[in-house]
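Pasting model07.txt here (compact mmCIF, C-alpha atoms):
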# COMPACT_ATOMS: atom_id res chain seq x y z
CA MET A 1478 -9.39 -9.90 3.77
CA GLY A 1479 -7.00 -9.14 0.95
CA LYS A 1480 -3.30 -9.51 0.53
CA ALA A 1481 -2.88 -5.83 -0.38
CA GLY A 1482 -3.20 -4.65 3.22
CA GLN A 1483 -0.56 -7.11 4.40
CA VAL A 1484 1.80 -6.08 1.63
CA LEU A 1485 1.21 -2.38 2.28
CA LYS A 1486 1.96 -2.82 5.98
CA GLN A 1487 5.19 -4.68 5.23
CA VAL A 1488 6.35 -2.13 2.64
CA LEU A 1489 5.67 0.80 4.96
CA GLU A 1490 7.59 -0.88 7.79
CA THR A 1491 10.49 -1.99 5.60
CA HIS A 1492 10.96 1.44 4.05
CA ASN A 1493 10.25 3.43 7.24
CA ILE A 1494 7.27 5.23 5.76
CA THR A 1495 4.58 6.30 8.19
CA GLN A 1496 0.90 5.88 7.50
CA TYR A 1497 0.61 9.63 8.02
CA LYS A 1498 3.21 10.35 5.32
CA LEU A 1499 1.48 8.08 2.82
CA ALA A 1500 -1.92 9.57 3.62
CA LYS A 1501 -0.58 13.11 3.29
CA VAL A 1502 0.92 12.45 -0.14
CA MET A 1503 -2.30 10.72 -1.22
CA GLY A 1504 -4.40 13.60 0.06
CA ILE A 1505 -6.48 11.40 2.36
CA GLN A 1506 -6.90 10.94 6.10
CA ARG A 1507 -4.49 8.64 7.91
CA ASN A 1508 -7.32 6.50 9.25
CA ASN A 1509 -7.98 5.29 5.69
CA VAL A 1510 -4.43 3.96 5.45
CA SER A 1511 -4.77 2.45 8.91
CA ARG A 1512 -7.93 0.59 7.87
CA TRP A 1513 -6.15 -0.84 4.83
CA VAL A 1514 -3.15 -1.94 6.88
CA ARG A 1515 -5.37 -3.52 9.55
CA GLU A 1516 -7.37 -5.13 6.73
CA GLU A 1517 -10.60 -3.57 7.93
CA ARG A 1518 -11.25 -2.20 4.47
CA GLU A 1519 -10.42 -3.72 1.09
CA LEU A 1520 -8.24 -1.80 -1.30
CA THR A 1521 -9.87 -0.99 -4.62
CA ALA A 1522 -7.89 -1.11 -7.85
CA GLU A 1523 -8.00 2.68 -7.90
CA ASN A 1524 -6.58 2.84 -4.37
CA VAL A 1525 -3.79 0.43 -5.29
CA LEU A 1526 -2.85 2.65 -8.21
CA ASN A 1527 -2.94 5.75 -6.01
CA ILE A 1528 -0.76 4.03 -3.41
CA VAL A 1529 1.82 3.17 -6.05
CA ARG A 1530 1.81 6.77 -7.31
CA ALA A 1531 2.21 8.14 -3.78
CA LEU A 1532 4.96 5.69 -2.90
CA LYS A 1533 6.82 6.68 -6.08
CA GLN A 1534 6.88 10.25 -4.77
CA ILE A 1535 8.06 9.19 -1.33
CA ASP A 1536 10.44 6.36 -2.23
CA PRO A 1537 10.49 4.76 -5.70
CA VAL A 1538 12.08 1.61 -4.27
CA ALA A 1539 9.13 1.23 -1.88
CA ALA A 1540 6.73 1.64 -4.79
CA GLN A 1541 8.50 -1.11 -6.70
CA SER A 1542 8.52 -3.33 -3.61
CA PHE A 1543 4.75 -2.91 -3.29
CA VAL A 1544 4.18 -3.71 -6.96
CA ASP A 1545 6.51 -6.71 -6.84
CA ALA A 1546 5.02 -8.16 -3.67
CA TYR A 1547 1.38 -7.51 -4.50
CA LEU A 1548 1.09 -7.78 -8.26
CA VAL A 1549 4.11 -9.55 -9.69
CA ASP A 1550 4.21 -12.30 -7.06
CA GLU A 1551 0.48 -12.84 -7.51
CA LEU A 1552 0.78 -13.08 -11.28
CA GLN A 1553 3.66 -15.54 -11.05
CA SER A 1554 2.11 -17.81 -8.42
CA LYS A 1555 0.69 -21.08 -9.61
CA ASP A 1556 -2.66 -21.97 -8.08

Turn the structure described in the file into structure tokens.
Amino acid sequence: MGKAGQVLKQVLETHNITQYKLAKVMGIQRNNVSRWVREERELTAENVLNIVRALKQIDPVAAQSFVDAYLVDELQSKD
């Protein structure tokens, strides 16, 4: 599955943000976040954007960490 779930899991752990807290701010059920983190469900571009918005509300540093690890690192990697 995708890298987004791995990055999301790491960011949540690093910044001590619970799946419940993220889900609450996003207005979704926690099991959706759990499925992303366990890589049982792919994140859509819309979900990635909503995660960044929610993380900005919770902890702007966590939001930037997610963007850096998921998007910036991907754009800078040489395949």

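The nearest approach to Gly1504 (chain A) among the residues A:Gln1541, A:Gln1487, A:Asn1527, A:Thr1521, with only C-alpha atoms taken into account, belongs to A:Asn1527.
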
Of the candidates A:Val1544, A:Val1502, A:Val1549, A:Val1510, which one gets nearest to Ala1531 (chain A) if we count only C-alpha atoms?
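Distance minimum relative to Ala1531 (chain A) lands on A:Val1502.
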
What's around Met1503 (chain A) at 12 Å? Count all atoms listed in the file, leave out sequence neighbours fewer than 6 positions away in its own chain, and write the answer as a ChimeraX atom specification.
/A:1496-1497,1509-1510,1523-1535

At what distance in Å, to one decimal, does CA of Gly1482 (chain A) lie from CA of Leu1520 (chain A)?
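Separation between CA of Leu1520 (chain A) and CA of Gly1482 (chain A): 7.3 Å.
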
So how many Å separate CA of Ala1522 (chain A) and CA of Thr1491 (chain A), to one decimal?
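Atom-to-atom, CA of Ala1522 (chain A) to CA of Thr1491 (chain A), that is 22.8 Å.
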
Computed gap from CA of Gln1483 (chain A) to CA of Arg1515 (chain A) is 7.9 Å

Counting only C-alpha atoms, which of A:Pro1537, A:Glu1519, A:Val1488, A:Trp1513 gets nearest to Ala1500 (chain A)?
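Closest candidate: A:Trp1513.
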